[in-house]
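Q: Dropping in run.pdb, with PDB, C-alpha atoms, pLDDT in the B column.
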ATOM      1  CA  MET E   1      39.320 -24.004  55.192  1.00 56.00           C
ATOM      2  CA  ALA E   2      35.665 -25.000  55.448  1.00 74.00           C
ATOM      3  CA  THR E   3      33.917 -24.370  58.762  1.00 93.00           C
ATOM      4  CA  LEU E   4      32.554 -27.283  60.754  1.00 96.00           C
ATOM      5  CA  ILE E   5      28.833 -27.114  61.431  1.00 96.00           C
ATOM      6  CA  SER E   6      29.627 -27.629  65.121  1.00 96.00           C
ATOM      7  CA  ALA E   7      31.606 -24.355  65.024  1.00 96.00           C
ATOM      8  CA  LEU E   8      28.597 -22.537  63.560  1.00 96.00           C
ATOM      9  CA  VAL E   9      26.500 -23.880  66.424  1.00 96.00           C
ATOM     10  CA  THR E  10      29.109 -22.744  68.951  1.00 95.00           C
ATOM     11  CA  ASN E  11      29.264 -19.238  67.474  1.00 95.00           C
ATOM     12  CA  ALA E  12      25.481 -18.984  67.474  1.00 96.00           C
ATOM     13  CA  ARG E  13      25.363 -20.119  71.098  1.00 95.00           C
ATOM     14  CA  THR E  14      27.846 -17.371  72.023  1.00 94.00           C
ATOM     15  CA  THR E  15      25.551 -14.780  70.450  1.00 95.00           C
ATOM     16  CA  LEU E  16      22.659 -16.290  72.388  1.00 94.00           C
ATOM     17  CA  VAL E  17      24.742 -15.531  75.517  1.00 92.00           C
ATOM     18  CA  GLU E  18      24.972 -19.133  76.621  1.00 90.00           C
ATOM     19  CA  ALA E  19      28.460 -20.460  77.253  1.00 84.00           C
ATOM     20  CA  SER E  20      27.360 -24.109  77.322  1.00 86.00           C
ATOM     21  CA  ALA E  21      24.210 -26.096  76.586  1.00 85.00           C
ATOM     22  CA  GLN E  22      21.589 -25.162  79.151  1.00 89.00           C
ATOM     23  CA  TYR E  23      18.435 -23.654  77.638  1.00 93.00           C
ATOM     24  CA  TRP E  24      19.316 -24.764  74.104  1.00 94.00           C
ATOM     25  CA  SER E  25      20.747 -28.229  73.533  1.00 94.00           C
ATOM     26  CA  ASP E  26      23.418 -28.919  70.940  1.00 94.00           C
ATOM     27  CA  ALA E  27      20.966 -31.215  69.174  1.00 96.00           C
ATOM     28  CA  GLU E  28      18.298 -28.552  68.636  1.00 96.00           C
ATOM     29  CA  LEU E  29      20.795 -25.937  67.478  1.00 97.00           C
ATOM     30  CA  LEU E  30      22.231 -28.518  65.085  1.00 97.00           C
ATOM     31  CA  VAL E  31      18.758 -29.091  63.628  1.00 97.00           C
ATOM     32  CA  HIS E  32      18.434 -25.354  63.012  1.00 97.00           C
ATOM     33  CA  ALA E  33      21.916 -25.215  61.433  1.00 97.00           C
ATOM     34  CA  ILE E  34      21.113 -28.013  58.984  1.00 97.00           C
ATOM     35  CA  SER E  35      17.747 -26.488  58.053  1.00 97.00           C
ATOM     36  CA  GLY E  36      19.483 -23.169  57.352  1.00 97.00           C
ATOM     37  CA  ILE E  37      22.091 -24.879  55.178  1.00 97.00           C
ATOM     38  CA  LYS E  38      19.347 -26.614  53.213  1.00 97.00           C
ATOM     39  CA  ASP E  39      17.537 -23.302  52.692  1.00 97.00           C
ATOM     40  CA  MET E  40      20.739 -21.736  51.366  1.00 97.00           C
ATOM     41  CA  TRP E  41      21.446 -24.781  49.182  1.00 97.00           C
ATOM     42  CA  ARG E  42      18.079 -24.499  47.449  1.00 96.00           C
ATOM     43  CA  ALA E  43      18.766 -20.839  46.694  1.00 97.00           C
ATOM     44  CA  VAL E  44      22.302 -21.492  45.422  1.00 96.00           C
ATOM     45  CA  ILE E  45      21.307 -24.227  42.981  1.00 95.00           C
ATOM     46  CA  ASP E  46      18.584 -21.967  41.586  1.00 94.00           C
ATOM     47  CA  LEU E  47      21.304 -19.535  40.504  1.00 94.00           C
ATOM     48  CA  GLY E  48      22.146 -22.008  37.732  1.00 91.00           C
ATOM     49  CA  GLN E  49      25.887 -21.448  38.210  1.00 93.00           C
ATOM     50  CA  ASP E  50      26.834 -25.127  38.699  1.00 93.00           C
ATOM     51  CA  HIS E  51      28.101 -24.760  42.268  1.00 94.00           C
ATOM     52  CA  PHE E  52      27.001 -28.314  43.057  1.00 95.00           C
ATOM     53  CA  THR E  53      27.433 -29.906  39.625  1.00 95.00           C
ATOM     54  CA  THR E  54      29.063 -33.331  39.640  1.00 96.00           C
ATOM     55  CA  GLN E  55      30.414 -35.353  36.725  1.00 96.00           C
ATOM     56  CA  ASP E  56      29.989 -39.124  36.632  1.00 96.00           C
ATOM     57  CA  VAL E  57      32.141 -40.860  34.027  1.00 95.00           C
ATOM     58  CA  ALA E  58      32.338 -44.302  35.611  1.00 95.00           C
ATOM     59  CA  LEU E  59      28.936 -45.628  36.637  1.00 96.00           C
ATOM     60  CA  VAL E  60      26.157 -44.628  34.260  1.00 97.00           C
ATOM     61  CA  SER E  61      25.396 -46.600  31.129  1.00 96.00           C
ATOM     62  CA  LEU E  62      22.579 -47.709  28.865  1.00 96.00           C
ATOM     63  CA  ALA E  63      22.374 -51.458  28.322  1.00 96.00           C
ATOM     64  CA  ALA E  64      21.359 -52.920  24.984  1.00 95.00           C
ATOM     65  CA  SER E  65      17.570 -53.124  24.533  1.00 95.00           C
ATOM     66  CA  SER E  66      16.996 -51.258  27.815  1.00 96.00           C
ATOM     67  CA  SER E  67      14.646 -48.346  28.405  1.00 96.00           C
ATOM     68  CA  VAL E  68      16.323 -47.082  31.613  1.00 97.00           C
ATOM     69  CA  LEU E  69      19.839 -45.989  32.506  1.00 98.00           C
ATOM     70  CA  THR E  70      21.782 -48.084  34.990  1.00 97.00           C
ATOM     71  CA  GLY E  71      24.256 -46.879  37.607  1.00 97.00           C
ATOM     72  CA  VAL E  72      22.525 -43.554  38.287  1.00 97.00           C
ATOM     73  CA  PRO E  73      24.122 -42.195  41.512  1.00 96.00           C
ATOM     74  CA  ALA E  74      21.943 -41.888  44.600  1.00 94.00           C
ATOM     75  CA  ASP E  75      22.770 -38.179  45.060  1.00 95.00           C
ATOM     76  CA  VAL E  76      21.306 -37.061  41.717  1.00 96.00           C
ATOM     77  CA  PHE E  77      18.972 -34.138  42.361  1.00 94.00           C
ATOM     78  CA  ARG E  78      18.807 -32.530  38.899  1.00 94.00           C
ATOM     79  CA  VAL E  79      20.142 -33.851  35.584  1.00 96.00           C
ATOM     80  CA  GLU E  80      22.157 -31.291  33.626  1.00 96.00           C
ATOM     81  CA  LEU E  81      23.604 -33.297  30.731  1.00 96.00           C
ATOM     82  CA  ILE E  82      23.771 -36.830  29.352  1.00 97.00           C
ATOM     83  CA  GLU E  83      26.173 -37.740  26.572  1.00 94.00           C
ATOM     84  CA  PRO E  84      28.321 -40.680  25.407  1.00 93.00           C
ATOM     85  CA  ARG E  85      31.453 -41.134  27.458  1.00 91.00           C
ATOM     86  CA  ASP E  86      33.514 -41.535  24.295  1.00 88.00           C
ATOM     87  CA  LEU E  87      33.104 -38.556  21.965  1.00 84.00           C
ATOM     88  CA  THR E  88      35.932 -39.457  19.592  1.00 81.00           C
ATOM     89  CA  VAL E  89      35.401 -40.401  15.957  1.00 75.00           C
ATOM     90  CA  ALA E  90      36.492 -43.934  16.867  1.00 74.00           C
ATOM     91  CA  ASN E  91      33.318 -44.434  18.895  1.00 75.00           C
ATOM     92  CA  THR E  92      30.893 -46.696  17.054  1.00 72.00           C
ATOM     93  CA  ALA E  93      28.036 -44.695  18.622  1.00 75.00           C
ATOM     94  CA  ARG E  94      29.365 -41.316  17.485  1.00 78.00           C
ATOM     95  CA  GLY E  95      26.838 -38.576  16.931  1.00 84.00           C
ATOM     96  CA  VAL E  96      24.489 -39.782  19.672  1.00 90.00           C
ATOM     97  CA  THR E  97      22.707 -36.930  21.456  1.00 93.00           C
ATOM     98  CA  PHE E  98      20.378 -36.980  24.470  1.00 95.00           C
ATOM     99  CA  GLU E  99      17.478 -34.542  24.674  1.00 96.00           C
ATOM    100  CA  PRO E 100      15.015 -34.134  27.587  1.00 96.00           C
ATOM    101  CA  ARG E 101      11.339 -34.724  26.864  1.00 96.00           C
ATOM    102  CA  ALA E 102       8.186 -35.324  28.885  1.00 95.00           C
ATOM    103  CA  LEU E 103       7.025 -38.944  28.828  1.00 93.00           C
ATOM    104  CA  ASN E 104       3.860 -37.976  26.962  1.00 94.00           C
ATOM    105  CA  HIS E 105       5.644 -35.803  24.394  1.00 96.00           C
ATOM    106  CA  PRO E 106       5.042 -37.002  20.800  1.00 95.00           C
ATOM    107  CA  ASP E 107       8.809 -37.401  20.279  1.00 95.00           C
ATOM    108  CA  PHE E 108       9.048 -39.688  23.303  1.00 95.00           C
ATOM    109  CA  THR E 109       5.956 -41.744  22.539  1.00 94.00           C
ATOM    110  CA  GLY E 110       7.080 -42.156  18.942  1.00 95.00           C
ATOM    111  CA  ALA E 111      10.571 -43.263  19.982  1.00 95.00           C
ATOM    112  CA  ARG E 112       9.114 -45.763  22.473  1.00 93.00           C
ATOM    113  CA  SER E 113       7.177 -47.436  19.678  1.00 92.00           C
ATOM    114  CA  LEU E 114      10.374 -48.303  17.809  1.00 90.00           C
ATOM    115  CA  GLY E 115      12.281 -51.513  18.285  1.00 87.00           C
ATOM    116  CA  SER E 116      15.956 -51.455  19.250  1.00 91.00           C
ATOM    117  CA  VAL E 117      17.877 -49.242  16.834  1.00 91.00           C
ATOM    118  CA  ASP E 118      21.508 -48.702  15.871  1.00 89.00           C
ATOM    119  CA  PRO E 119      22.872 -45.908  18.099  1.00 87.00           C
ATOM    120  CA  SER E 120      25.055 -44.130  15.540  1.00 84.00           C
ATOM    121  CA  GLY E 121      23.818 -40.579  14.924  1.00 84.00           C
ATOM    122  CA  ARG E 122      20.681 -41.223  16.953  1.00 90.00           C
ATOM    123  CA  THR E 123      18.777 -38.713  19.096  1.00 94.00           C
ATOM    124  CA  ILE E 124      17.732 -40.351  22.345  1.00 95.00           C
ATOM    125  CA  TYR E 125      15.032 -38.777  24.487  1.00 97.00           C
ATOM    126  CA  PHE E 126      15.115 -39.021  28.273  1.00 97.00           C
ATOM    127  CA  ALA E 127      12.842 -38.229  31.199  1.00 97.00           C
ATOM    128  CA  VAL E 128      13.830 -38.069  34.877  1.00 97.00           C
ATOM    129  CA  LEU E 129      11.293 -39.893  37.062  1.00 96.00           C
ATOM    130  CA  GLY E 130      10.809 -40.489  40.778  1.00 94.00           C
ATOM    131  CA  ALA E 131      11.508 -38.413  43.863  1.00 90.00           C
ATOM    132  CA  GLY E 132      15.284 -38.488  43.442  1.00 89.00           C
ATOM    133  CA  SER E 133      17.823 -37.569  46.097  1.00 89.00           C
ATOM    134  CA  PRO E 134      17.780 -37.665  49.077  1.00 88.00           C
ATOM    135  CA  LEU E 135      15.122 -40.407  48.975  1.00 90.00           C
ATOM    136  CA  ALA E 136      16.663 -42.521  46.216  1.00 91.00           C
ATOM    137  CA  ALA E 137      18.332 -42.290  42.844  1.00 94.00           C
ATOM    138  CA  PRO E 138      15.856 -41.118  40.199  1.00 95.00           C
ATOM    139  CA  THR E 139      14.879 -43.360  37.322  1.00 96.00           C
ATOM    140  CA  ILE E 140      16.003 -42.019  33.952  1.00 97.00           C
ATOM    141  CA  GLU E 141      13.860 -43.500  31.195  1.00 97.00           C
ATOM    142  CA  VAL E 142      15.033 -43.281  27.597  1.00 97.00           C
ATOM    143  CA  ALA E 143      13.696 -43.988  24.113  1.00 96.00           C
ATOM    144  CA  PRO E 144      14.376 -45.485  21.675  1.00 95.00           C
ATOM    145  CA  LYS E 145      16.188 -48.597  22.877  1.00 95.00           C
ATOM    146  CA  LEU E 146      19.590 -49.329  21.352  1.00 94.00           C
ATOM    147  CA  THR E 147      20.985 -52.491  19.806  1.00 93.00           C
ATOM    148  CA  SER E 148      24.267 -52.123  21.706  1.00 91.00           C
ATOM    149  CA  ALA E 149      25.300 -50.920  25.146  1.00 93.00           C
ATOM    150  CA  LEU E 150      26.474 -47.328  25.548  1.00 93.00           C
ATOM    151  CA  LEU E 151      28.735 -45.950  28.281  1.00 94.00           C
ATOM    152  CA  LEU E 152      27.617 -42.501  29.391  1.00 95.00           C
ATOM    153  CA  ARG E 153      28.752 -39.311  31.061  1.00 96.00           C
ATOM    154  CA  LEU E 154      26.180 -37.831  33.446  1.00 97.00           C
ATOM    155  CA  SER E 155      26.447 -34.237  34.642  1.00 97.00           C
ATOM    156  CA  TYR E 156      24.083 -33.497  37.494  1.00 97.00           C
ATOM    157  CA  THR E 157      23.337 -31.267  40.437  1.00 96.00           C
ATOM    158  CA  ALA E 158      24.180 -33.277  43.525  1.00 94.00           C
ATOM    159  CA  SER E 159      22.253 -33.059  46.775  1.00 94.00           C
ATOM    160  CA  ILE E 160      24.188 -32.067  49.877  1.00 92.00           C
ATOM    161  CA  GLY E 161      23.492 -35.413  51.530  1.00 90.00           C
ATOM    162  CA  ALA E 162      23.289 -36.192  55.218  1.00 93.00           C
ATOM    163  CA  LEU E 163      24.909 -33.614  57.510  1.00 96.00           C
ATOM    164  CA  THR E 164      26.215 -33.936  61.072  1.00 96.00           C
ATOM    165  CA  ALA E 165      27.974 -31.647  63.507  1.00 96.00           C
ATOM    166  CA  ALA E 166      31.285 -32.959  62.119  1.00 96.00           C
ATOM    167  CA  SER E 167      30.376 -32.020  58.531  1.00 96.00           C
ATOM    168  CA  ASN E 168      31.776 -28.945  56.840  1.00 96.00           C
ATOM    169  CA  ASN E 169      29.415 -26.140  55.941  1.00 96.00           C
ATOM    170  CA  PRO E 170      28.888 -27.000  52.219  1.00 96.00           C
ATOM    171  CA  ILE E 171      27.520 -23.601  51.183  1.00 96.00           C
ATOM    172  CA  PRO E 172      30.078 -21.431  49.346  1.00 94.00           C
ATOM    173  CA  GLY E 173      30.237 -17.650  49.368  1.00 92.00           C
ATOM    174  CA  ASP E 174      31.353 -17.072  52.993  1.00 94.00           C
ATOM    175  CA  SER E 175      27.952 -18.163  54.254  1.00 96.00           C
ATOM    176  CA  ASP E 176      28.902 -18.825  57.896  1.00 97.00           C
ATOM    177  CA  HIS E 177      27.365 -15.631  59.273  1.00 97.00           C
ATOM    178  CA  ALA E 178      24.125 -16.210  57.374  1.00 97.00           C
ATOM    179  CA  ILE E 179      23.796 -19.731  58.769  1.00 97.00           C
ATOM    180  CA  GLU E 180      24.526 -18.497  62.277  1.00 97.00           C
ATOM    181  CA  ALA E 181      21.816 -15.838  61.910  1.00 97.00           C
ATOM    182  CA  TRP E 182      19.368 -18.558  60.821  1.00 98.00           C
ATOM    183  CA  ILE E 183      20.271 -20.661  63.873  1.00 98.00           C
ATOM    184  CA  ILE E 184      19.786 -17.716  66.241  1.00 97.00           C
ATOM    185  CA  SER E 185      16.479 -16.629  64.703  1.00 97.00           C
ATOM    186  CA  HIS E 186      15.002 -20.127  64.969  1.00 97.00           C
ATOM    187  CA  ALA E 187      16.511 -20.835  68.385  1.00 97.00           C
ATOM    188  CA  ARG E 188      14.934 -17.690  69.826  1.00 96.00           C
ATOM    189  CA  ALA E 189      11.509 -18.955  68.737  1.00 96.00           C
ATOM    190  CA  LYS E 190      11.728 -21.044  71.893  1.00 94.00           C
ATOM    191  CA  GLU E 191      11.647 -17.819  73.918  1.00 93.00           C
ATOM    192  CA  ARG E 192       8.740 -16.254  72.055  1.00 93.00           C
ATOM    193  CA  ASP E 193       5.070 -16.664  72.935  1.00 93.00           C
ATOM    194  CA  ASP E 194       4.130 -17.280  69.291  1.00 94.00           C
ATOM    195  CA  ARG E 195       7.048 -19.720  68.788  1.00 94.00           C
ATOM    196  CA  SER E 196       7.947 -18.031  65.499  1.00 96.00           C
ATOM    197  CA  PRO E 197      11.535 -17.198  64.461  1.00 96.00           C
ATOM    198  CA  ASP E 198      12.940 -13.935  65.753  1.00 96.00           C
ATOM    199  CA  PRO E 199      12.101 -11.391  62.997  1.00 96.00           C
ATOM    200  CA  GLU E 200      15.194  -9.216  63.481  1.00 97.00           C
ATOM    201  CA  TRP E 201      17.631 -12.121  63.206  1.00 97.00           C
ATOM    202  CA  LEU E 202      15.605 -13.556  60.341  1.00 97.00           C
ATOM    203  CA  ALA E 203      16.052 -10.202  58.587  1.00 97.00           C
ATOM    204  CA  VAL E 204      19.812 -10.453  59.158  1.00 97.00           C
ATOM    205  CA  TYR E 205      19.754 -13.890  57.554  1.00 97.00           C
ATOM    206  CA  ALA E 206      17.685 -12.634  54.598  1.00 97.00           C
ATOM    207  CA  SER E 207      20.062  -9.707  54.013  1.00 97.00           C
ATOM    208  CA  ASP E 208      23.171 -11.901  54.174  1.00 97.00           C
ATOM    209  CA  LYS E 209      21.547 -14.489  51.910  1.00 97.00           C
ATOM    210  CA  LYS E 210      20.676 -11.859  49.302  1.00 97.00           C
ATOM    211  CA  ASN E 211      24.203 -10.435  49.314  1.00 97.00           C
ATOM    212  CA  ILE E 212      25.772 -13.881  49.050  1.00 96.00           C
ATOM    213  CA  LEU E 213      23.599 -14.889  46.104  1.00 96.00           C
ATOM    214  CA  THR E 214      24.340 -11.587  44.357  1.00 95.00           C
ATOM    215  CA  SER E 215      28.089 -12.026  44.784  1.00 93.00           C
ATOM    216  CA  MET E 216      27.965 -15.585  43.439  1.00 93.00           C
ATOM    217  CA  THR E 217      26.663 -14.585  39.998  1.00 88.00           C
ATOM    218  CA  THR E 218      27.984 -14.488  37.360  1.00 85.00           C
ATOM    219  CA  ARG E 219      30.890 -16.897  37.890  1.00 84.00           C
ATOM    220  CA  GLN E 220      32.421 -16.456  34.445  1.00 82.00           C
ATOM    221  CA  THR E 221      33.092 -12.901  33.274  1.00 76.00           C
ATOM    222  CA  GLN E 222      35.649 -13.358  30.510  1.00 73.00           C
ATOM    223  CA  GLU E 223      32.990 -13.039  27.798  1.00 66.00           C
ATOM    224  CA  PRO E 224      32.029  -9.562  26.500  1.00 62.00           C
ATOM    225  CA  ASP E 225      28.659  -8.255  27.647  1.00 61.00           C
ATOM    226  CA  TYR E 226      27.760  -6.741  24.265  1.00 61.00           C
ATOM    227  CA  ALA E 227      26.493  -8.129  20.956  1.00 60.00           C
ATOM    228  CA  GLU E 228      29.230  -8.825  18.427  1.00 62.00           C
ATOM    229  CA  ALA E 229      26.987  -8.359  15.393  1.00 63.00           C
ATOM    230  CA  LEU E 230      23.430  -8.823  14.257  1.00 61.00           C
ATOM    231  CA  PHE E 231      22.336 -12.469  14.498  1.00 62.00           C
ATOM    232  CA  GLU E 232      25.728 -13.511  15.913  1.00 62.00           C
ATOM    233  CA  SER E 233      26.434 -14.674  19.432  1.00 57.00           C
ATOM    234  CA  TYR E 234      25.552 -12.333  22.254  1.00 52.00           C
ATOM    235  CA  TRP E 235      25.617 -12.478  26.053  1.00 51.00           C
TER     236      TRP E 235
END
Could you express the structure from this file as structure tokens?
A:
Amino acid sequence: MATLISALVTNARTTLVEASAQYWSDAELLVHAISGIKDMWRAVIDLGQDHFTTQDVALVSLAASSSVLTGVPADVFRVELIEPRDLTVANTARGVTFEPRALNHPDFTGARSLGSVDPSGRTIYFAVLGAGSPLAAPTIEVAPKLTSALLLRLSYTASIGALTAASNNPIPGDSDHAIEAWIISHARAKERDDRSPDPEWLAVYASDKKNILTSMTTRQTQEPDYAEALFESYW
């Protein structure tokens, strides 16, 4: 069962030898807890192991003669894959593929110069624009435009969203102790003349973080770790 952030704050307060809020308020310890979770989240998504990957198969689409996708969820942080929702041979837009390109890439500029085209067998280039989550949904611009609408599947890394004391700790890998160490290290800055995090507790956090990230890769181990043959698939 996931741990409530309020429980992480309580455990950290116990280590700080404070039974109830006196020197440290619940609000300030909560701020430290959320900042620690965000630091861990950034490290976890950089593992590239899809811990926060979300599939949207209901909202995203490309309207006819449009250069941007509609229905992009507000929690999109990083786009992993775009493809037609219907991949069967019955789909009139079968064979459509989406490939990422920079806006100024020759492929993208060339595709933008075309009029609306039939989607069947077409390569569509896309670029993710704007700040993205948590500020707002990013804009996903595409080229060329299509003559007919296309329903899409969007795979993306989702942001962790707004957190409160009642939220669960969203970081996998038994990260509770690491988050508590982060809270303690930053809370003790209030006691220090230089107002910097406590170095010993920060070292505890760094050690726990490293061990957690190591244990979380690789997630799939059923494939052999040796080459099958020259020029064939290898891991």
Q: With all atoms listed in the file as the counted atoms, please give the residues lying no more than 8 Å from Leu30 in chain E, apart from itself and same-chain residues fewer than 2 positions off, as number ranges by chain.
A: E: 5-6, 9, 26-28, 32-34, 164-165
Q: Could you name the residues that touch Leu29 in chain E at 9 Å or less, counting all atoms listed in the file, but leaving out those on the same chain fewer than 4 positions away, as a PDB file with C-alpha atoms, in the coordinates of the input?
A:
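Result went into out18.pdb, see below:
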ATOM      1  CA  VAL E   9      26.500 -23.880  66.424  1.00 96.00           C
ATOM      2  CA  ALA E  12      25.481 -18.984  67.474  1.00 96.00           C
ATOM      3  CA  ARG E  13      25.363 -20.119  71.098  1.00 95.00           C
ATOM      4  CA  TRP E  24      19.316 -24.764  74.104  1.00 94.00           C
ATOM      5  CA  SER E  25      20.747 -28.229  73.533  1.00 94.00           C
ATOM      6  CA  ALA E  33      21.916 -25.215  61.433  1.00 97.00           C
ATOM      7  CA  ILE E  34      21.113 -28.013  58.984  1.00 97.00           C
ATOM      8  CA  ILE E 183      20.271 -20.661  63.873  1.00 98.00           C
ATOM      9  CA  ILE E 184      19.786 -17.716  66.241  1.00 97.00           C
ATOM     10  CA  HIS E 186      15.002 -20.127  64.969  1.00 97.00           C
ATOM     11  CA  ALA E 187      16.511 -20.835  68.385  1.00 97.00           C
TER      12      ALA E 187
END
Q: So what does the PyMOL selection byres ((chain E and resi 157) around 7) actually pick up in this one, as a list in words?
A: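 Applied to this file, the PyMOL selection byres ((chain E and resi 157) around 7) returns Phe52, Thr53, Thr54, Val76, Phe77, Arg78, Val79, Glu80, Tyr156, Ala158 and Ser159 of chain E.
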Q: Please evaluate the PyMOL selection byres ((chain E and resi 108) around 9) against the structure above and give the resulting residues as a ChimeraX atom specification.
A: /E:101-107,109-113,124-127,142-144
Q: So how many Å separate CA of Gln49 in chain E and CA of Leu152 in chain E, to one decimal?
A: 22.9 Å
Q: Figure out the distance between CA of Thr214 in chain E and CA of Ser175 in chain E, please, to one decimal in Å.
A: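 Between these atoms lies a distance of 12.4 Å.
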Q: Can you tell me how far CA of Ser155 in chain E sits from CA of Ile82 in chain E, in Å to one decimal?
A: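 Answer for the CA of Ser155 in chain E to CA of Ile82 in chain E separation: 6.5 Å.
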Q: Which residue is closest to Leu135 in chain E? Choose from E:Val68, E:Ala90, E:Ala162, E:Ala2 and count all atoms listed in the file.
A: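 Among the listed residues, E:Ala162 lies closest to Leu135 in chain E.
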Q: When distances are computed from all atoms listed in the file, which of E:Leu4, E:Ala136, E:Ala181, E:Leu81 shows the smallest separation from Gln55 in chain E?
A: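 Checking each of E:Leu4, E:Ala136, E:Ala181, E:Leu81 against Gln55 in chain E, counting all atoms listed in the file, the winner is E:Leu81.
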Q: The PyMOL selection byres ((chain E and resi 177) around 10) on the file shown: which residues, as number ranges by chain?
A: E: 8, 11-12, 174-176, 178-183, 204-205, 208-209
Q: Using only C-alpha atoms, find the one residue out of E:His51, E:Arg85, E:Lys210, E:Lys145 that sits nearest to Ser66 in chain E.
A: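 Of all the options, E:Lys145 lies closest to Ser66 in chain E.
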